[in-house]
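The file run31.cif contains mmCIF, C-alpha atoms and all ligand atoms:
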```cif
data_work
#
loop_
_atom_site.label_atom_id
_atom_site.label_comp_id
_atom_site.auth_asym_id
_atom_site.auth_seq_id
_atom_site.Cartn_x
_atom_site.Cartn_y
_atom_site.Cartn_z
CA MET R 216 -39.08 -18.35 84.22
CA LEU R 217 -38.38 -16.01 81.34
CA LEU R 218 -35.42 -13.74 80.71
CA ILE R 219 -36.19 -10.61 78.72
CA GLY R 220 -33.89 -7.77 77.76
CA PRO R 221 -32.29 -6.07 74.77
CA PRO R 222 -29.59 -7.82 72.77
CA GLY R 223 -26.34 -7.42 74.69
CA ALA R 224 -27.94 -7.14 78.13
CA GLY R 225 -26.30 -10.39 79.21
CA LYS R 226 -29.31 -12.73 79.05
CA GLY R 227 -27.35 -15.74 77.79
CA THR R 228 -24.73 -15.51 80.50
CA GLN R 229 -27.29 -15.02 83.26
CA ALA R 230 -29.48 -17.80 81.85
CA GLU R 231 -26.60 -20.25 82.27
CA ARG R 232 -26.06 -19.12 85.86
CA LEU R 233 -29.75 -19.34 86.76
CA SER R 234 -30.08 -22.70 85.04
CA GLU R 235 -27.32 -24.00 87.29
CA ALA R 236 -28.73 -22.38 90.41
CA PHE R 237 -32.30 -23.59 89.93
CA ASP R 238 -31.32 -26.86 88.25
CA VAL R 239 -33.60 -26.32 85.26
CA PRO R 240 -32.62 -26.24 81.59
CA ALA R 241 -31.93 -22.87 79.98
CA VAL R 242 -33.63 -22.87 76.60
CA SER R 243 -32.29 -20.25 74.21
CA THR R 244 -34.04 -20.01 70.86
CA GLY R 245 -31.04 -18.05 69.55
CA ASP R 246 -28.70 -20.92 70.52
CA ILE R 247 -31.01 -23.50 68.94
CA PHE R 248 -31.12 -21.50 65.73
CA ARG R 249 -27.34 -20.92 65.70
CA PHE R 250 -26.71 -24.64 66.26
CA ASN R 251 -28.92 -25.47 63.27
CA VAL R 252 -27.30 -22.86 61.04
CA LYS R 253 -23.85 -24.16 61.96
CA ASN R 254 -24.87 -27.72 61.17
CA ASP R 255 -26.61 -26.85 57.90
CA THR R 256 -29.89 -28.46 58.95
CA GLU R 257 -33.11 -27.73 57.13
CA LEU R 258 -34.19 -25.46 59.98
CA GLY R 259 -30.80 -23.75 59.80
CA LEU R 260 -31.31 -23.00 56.12
CA GLN R 261 -34.77 -21.59 56.85
CA VAL R 262 -33.62 -19.22 59.60
CA LYS R 263 -30.16 -18.09 58.46
CA ALA R 264 -31.22 -15.12 56.34
CA PHE R 265 -33.47 -13.74 59.10
CA MET R 266 -30.73 -14.03 61.68
CA ASP R 267 -28.03 -12.53 59.49
CA ALA R 268 -30.28 -9.53 58.88
CA GLY R 269 -31.05 -9.12 62.60
CA ALA R 270 -34.73 -9.82 61.88
CA TYR R 271 -36.94 -12.16 63.86
CA VAL R 272 -37.49 -15.69 62.66
CA PRO R 273 -41.20 -16.17 61.81
CA ASP R 274 -43.40 -17.02 64.80
CA SER R 275 -44.63 -20.28 63.29
CA LEU R 276 -41.10 -21.70 63.12
CA THR R 277 -40.02 -20.32 66.47
CA ASN R 278 -43.14 -21.51 68.28
CA ALA R 279 -42.77 -25.02 66.87
CA ILE R 280 -39.16 -25.22 68.08
CA VAL R 281 -40.07 -24.13 71.60
CA SER R 282 -43.08 -26.41 71.80
CA ASP R 283 -40.87 -29.40 70.89
CA ARG R 284 -38.10 -28.40 73.26
CA LEU R 285 -40.38 -27.94 76.27
CA LYS R 286 -41.74 -31.46 75.79
CA LYS R 287 -38.31 -32.97 76.49
CA PRO R 288 -38.10 -34.80 79.82
CA ASP R 289 -35.58 -32.38 81.36
CA ALA R 290 -38.10 -29.53 81.11
CA THR R 291 -40.93 -31.20 83.00
CA GLU R 292 -39.90 -29.77 86.39
CA GLY R 293 -39.32 -26.26 85.08
CA PHE R 294 -37.30 -24.30 82.58
CA LEU R 295 -35.87 -20.95 81.88
CA LEU R 296 -36.50 -19.37 78.50
CA ASP R 297 -33.84 -17.00 77.19
CA GLY R 298 -34.93 -14.93 74.21
CA TYR R 299 -38.46 -16.32 73.93
CA PRO R 300 -41.16 -15.06 73.71
CA ARG R 301 -40.19 -12.03 71.64
CA THR R 302 -43.52 -11.20 69.98
CA GLN R 303 -47.14 -11.04 71.14
CA GLU R 304 -47.95 -14.10 69.05
CA GLN R 305 -45.22 -15.99 70.89
CA VAL R 306 -46.67 -14.88 74.23
CA LEU R 307 -50.02 -16.38 73.20
CA GLU R 308 -48.35 -19.61 72.10
CA LEU R 309 -46.45 -19.90 75.37
CA ASP R 310 -49.70 -19.26 77.27
CA ARG R 311 -51.29 -22.13 75.34
CA LEU R 312 -48.35 -24.45 76.00
CA LEU R 313 -48.29 -23.71 79.71
CA GLU R 314 -52.04 -24.01 80.05
CA ALA R 315 -52.05 -27.34 78.24
CA ASP R 316 -49.47 -28.52 80.78
CA GLY R 317 -51.43 -27.13 83.71
CA THR R 318 -48.51 -24.96 84.67
CA ALA R 319 -47.68 -21.24 84.82
CA LEU R 320 -44.76 -18.85 84.87
CA ASP R 321 -43.16 -18.02 88.22
CA ALA R 322 -41.36 -14.88 87.09
CA VAL R 323 -40.20 -12.81 84.16
CA VAL R 324 -36.74 -11.38 84.74
CA LEU R 325 -36.21 -8.14 82.85
CA ILE R 326 -32.55 -7.24 82.46
CA VAL R 327 -32.23 -3.55 81.66
CA ALA R 328 -29.13 -2.03 80.11
CA ASP R 329 -28.18 1.28 78.62
CA THR R 330 -28.18 1.30 74.78
CA GLU R 331 -24.62 2.63 74.44
CA GLU R 332 -23.43 -0.04 76.84
CA VAL R 333 -25.13 -2.90 74.98
CA VAL R 334 -23.84 -1.70 71.60
CA ALA R 335 -20.30 -1.60 73.03
CA ARG R 336 -20.71 -5.11 74.47
CA LEU R 337 -22.04 -6.53 71.21
CA LEU R 338 -19.22 -4.97 69.19
CA LYS R 339 -16.75 -6.50 71.63
CA ARG R 340 -18.44 -9.90 71.25
CA ALA R 341 -18.28 -9.48 67.47
CA ALA R 342 -14.53 -9.05 67.68
CA GLU R 343 -14.21 -12.09 69.97
CA GLN R 344 -16.71 -14.54 68.47
CA GLY R 345 -17.35 -13.27 64.96
CA ARG R 346 -21.11 -13.69 65.11
CA ALA R 347 -22.67 -12.79 61.76
CA ASP R 348 -25.37 -10.69 63.43
CA ASP R 349 -22.99 -8.60 65.53
CA THR R 350 -21.97 -6.00 62.94
CA ALA R 351 -22.73 -2.35 63.82
CA ASP R 352 -25.62 -2.04 61.33
CA VAL R 353 -27.22 -5.33 62.26
CA ILE R 354 -26.85 -4.56 65.97
CA ARG R 355 -28.73 -1.30 65.51
CA HIS R 356 -31.44 -3.12 63.60
CA ARG R 357 -31.72 -5.80 66.30
CA LEU R 358 -32.12 -3.12 68.97
CA ALA R 359 -34.83 -1.39 66.91
CA VAL R 360 -36.68 -4.69 66.41
CA TYR R 361 -36.43 -5.36 70.15
CA GLU R 362 -37.93 -1.95 70.98
CA GLU R 363 -40.72 -2.38 68.48
CA GLN R 364 -41.68 -6.02 68.94
CA THR R 365 -40.39 -7.22 72.29
CA ALA R 366 -40.38 -4.23 74.67
CA PRO R 367 -44.23 -4.18 74.59
CA LEU R 368 -44.24 -7.67 76.13
CA ILE R 369 -42.95 -6.14 79.36
CA ASP R 370 -46.32 -4.41 79.82
CA ILE R 371 -48.18 -7.65 79.20
CA TYR R 372 -46.20 -9.54 81.83
CA SER R 373 -46.18 -6.56 84.22
CA SER R 374 -49.95 -6.49 84.17
CA ARG R 375 -49.82 -10.14 85.24
CA GLY R 376 -47.57 -9.16 88.16
CA LEU R 377 -44.69 -11.34 86.96
CA VAL R 378 -41.90 -8.89 86.11
CA VAL R 379 -38.83 -8.37 88.25
CA THR R 380 -36.40 -5.77 86.91
CA VAL R 381 -32.66 -6.00 87.33
CA ASP R 382 -29.89 -3.65 86.25
CA GLY R 383 -27.65 -5.57 83.83
CA LEU R 384 -24.73 -3.22 84.30
CA GLY R 385 -21.72 -4.50 86.21
CA ALA R 386 -19.84 -7.74 86.75
CA VAL R 387 -21.57 -11.00 85.85
CA ASP R 388 -21.53 -12.20 89.49
CA GLU R 389 -23.06 -8.95 90.70
CA VAL R 390 -25.89 -9.18 88.19
CA THR R 391 -26.53 -12.83 89.09
CA GLY R 392 -26.63 -11.81 92.75
CA ARG R 393 -29.19 -9.10 92.00
CA ILE R 394 -31.40 -11.52 90.09
CA LEU R 395 -31.27 -14.15 92.84
CA GLU R 396 -32.13 -11.46 95.37
CA VAL R 397 -35.22 -10.19 93.57
CA LEU R 398 -36.37 -13.74 92.89
CA ALA R 399 -35.87 -14.67 96.54
CA ALA R 400 -38.06 -11.68 97.46
CA ARG R 401 -40.78 -13.40 95.43
CA GLY R 402 -40.23 -16.65 97.27
CA LEU R 403 -38.15 -18.25 94.52
CA THR R 404 -35.08 -19.38 96.41
CA VAL R 405 -32.18 -21.70 95.64
CA PRO R 406 -30.12 -23.67 98.17
CA VAL R 407 -27.12 -21.57 99.29
CA ALA R 408 -24.75 -24.27 98.00
CA ALA R 409 -26.22 -23.91 94.53
CA VAL R 410 -25.44 -20.21 94.17
CA PRO R 411 -22.83 -20.01 91.44
CA VAL R 412 -19.51 -18.59 92.57
CA THR R 413 -17.54 -18.73 89.34
CA SER R 414 -16.16 -15.38 88.29
CA GLY R 415 -17.03 -13.96 84.92
CA ASP R 416 -16.59 -11.15 82.50
CA ALA R 417 -19.28 -8.47 82.39
CA ALA R 418 -18.71 -8.06 78.70
CA SER R 419 -19.85 -11.54 77.67
CA ALA R 420 -23.27 -10.73 76.40
CA SER R 421 -26.19 -12.35 74.66
P1 LIG R 501 -30.35 -14.19 70.44
O1 LIG R 501 -29.17 -15.09 70.56
O2 LIG R 501 -31.42 -14.48 71.45
O3 LIG R 501 -29.97 -12.74 70.40
O4 LIG R 501 -31.04 -14.51 69.02
C1 LIG R 501 -30.32 -14.35 67.82
C2 LIG R 501 -31.29 -14.27 66.65
O5 LIG R 501 -32.07 -15.47 66.57
C3 LIG R 501 -32.31 -13.14 66.71
O6 LIG R 501 -31.77 -11.92 66.24
C4 LIG R 501 -33.39 -13.69 65.79
O7 LIG R 501 -33.01 -13.61 64.42
C5 LIG R 501 -33.39 -15.16 66.15
N1 LIG R 501 -34.30 -15.42 67.30
C6 LIG R 501 -33.95 -15.90 68.53
N2 LIG R 501 -35.03 -16.02 69.31
C7 LIG R 501 -36.10 -15.63 68.57
C8 LIG R 501 -37.49 -15.51 68.83
N3 LIG R 501 -38.01 -15.82 70.03
N4 LIG R 501 -38.28 -15.08 67.82
C9 LIG R 501 -37.78 -14.77 66.61
N5 LIG R 501 -36.48 -14.83 66.31
C10 LIG R 501 -35.63 -15.26 67.28
#
```

Show me this structure written as structure tokens.
Ligand code: AMP
Amino acid sequence: MLLIGPPGAGKGTQAERLSEAFDVPAVSTGDIFRFNVKNDTELGLQVKAFMDAGAYVPDSLTNAIVSDRLKKPDATEGFLLDGYPRTQEQVLELDRLLEADGTALDAVVLIVADTEEVVARLLKRAAEQGRADDTADVIRHRLAVYEEQTAPLIDIYSSRGLVVTVDGLGAVDEVTGRILEVLAARGLTVPVAAVPVTSGDAASAS
């Protein structure tokens, strides 16, 4: 499964919930990059400037990270990708990876959110977490890059009949409920006991 949506739509939060519900790992390229930057790894040094500027990390680096991660044993039964693919080249790479594994995507969850709302959420997160890429200027740039590079992927996956669209506005639980509902309508169900019931804050965004 993939989660697509603009920065601030709540992908990270929902990815954690869905990972729990479906018992598959949530793989966030943004988290992997941030971990490496924080730990001063070689990868971290390579990606830091791109991230700080709100630009995309080059496809070659990003694709290699995802290819490695999806080979880990916990991803053999399924996975949820949060924030990947973001470019057409990444779509092609993911297609290759899945085909090589003889597997295919079940669904692409598109979380839609109003621009003013996501900017407000990201500024709130900036105040709370101090992320280097959450300043007003960088946020605007990240939204522009999303529109230019990532929004077109929605058409690609729509033409494959994979996209389910969910309104990202509202409480975290509500949004999770909406996603589980649209996935269930496609035959992707989770055991009732696995539906997360923890309460959350609609403003935690990623
Ligand atoms: P995120 O946490 O998903 O918003 O990602 C934070 C930043 O990491 C992005 O603004 C990019 O600089 C970088 N990044 C994460 N995922 C990707 C990707 N799939 N392709 C290129 N850059 C990415």

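Closest approach to Ile371 of chain R among R:Lys263, R:Lys287, R:Arg301, R:Arg232: R:Arg301, based on only C-alpha atoms.
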
message: Considering only C-alpha atoms and all ligand atoms, can you say which of R:Leu307, R:Val334, R:Met266, R:Leu358 comes closest to ligand LIG 501 (chain R)?
response: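 Counting only C-alpha atoms and all ligand atoms, the residue closest to ligand LIG 501 (chain R) is R:Met266.
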
message: Using all atoms listed in the file, which residues have at least one atom no more than 10 Å from ligand LIG 501 (chain R)? Output them as a ChimeraX atom specification.
response: /R:219-227,243-249,262-278,280-281,296-302,304-306,346-349,353-354,356-358,360-361,364-365,420-421

message: Can you pull out the residues contacting Leu395 of chain R? Cut-off 10 Å, using all atoms listed in the file, and skip same-chain residues under 2 positions away; I want them as a list in words.
response: Leu233, Ala236, Phe237, Val381, Glu389, Val390, Thr391, Gly392, Arg393, Val397, Leu398, Ala399, Ala400, Arg401, Leu403, Thr404, Val405 and Val410 of chain R

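When all atoms listed in the file are used to compute distances to Ile394 of chain R, the closest of the residues R:Ala359, R:Val252, R:Ala322, R:Leu338 turns out to be R:Ala322.
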
field: Contacts of Ser374 of chain R within 12 Å, all atoms listed in the file, excl. fewer than 6 positions in-chain, as a ChimeraX atom specification
entry: /R:323,367-368
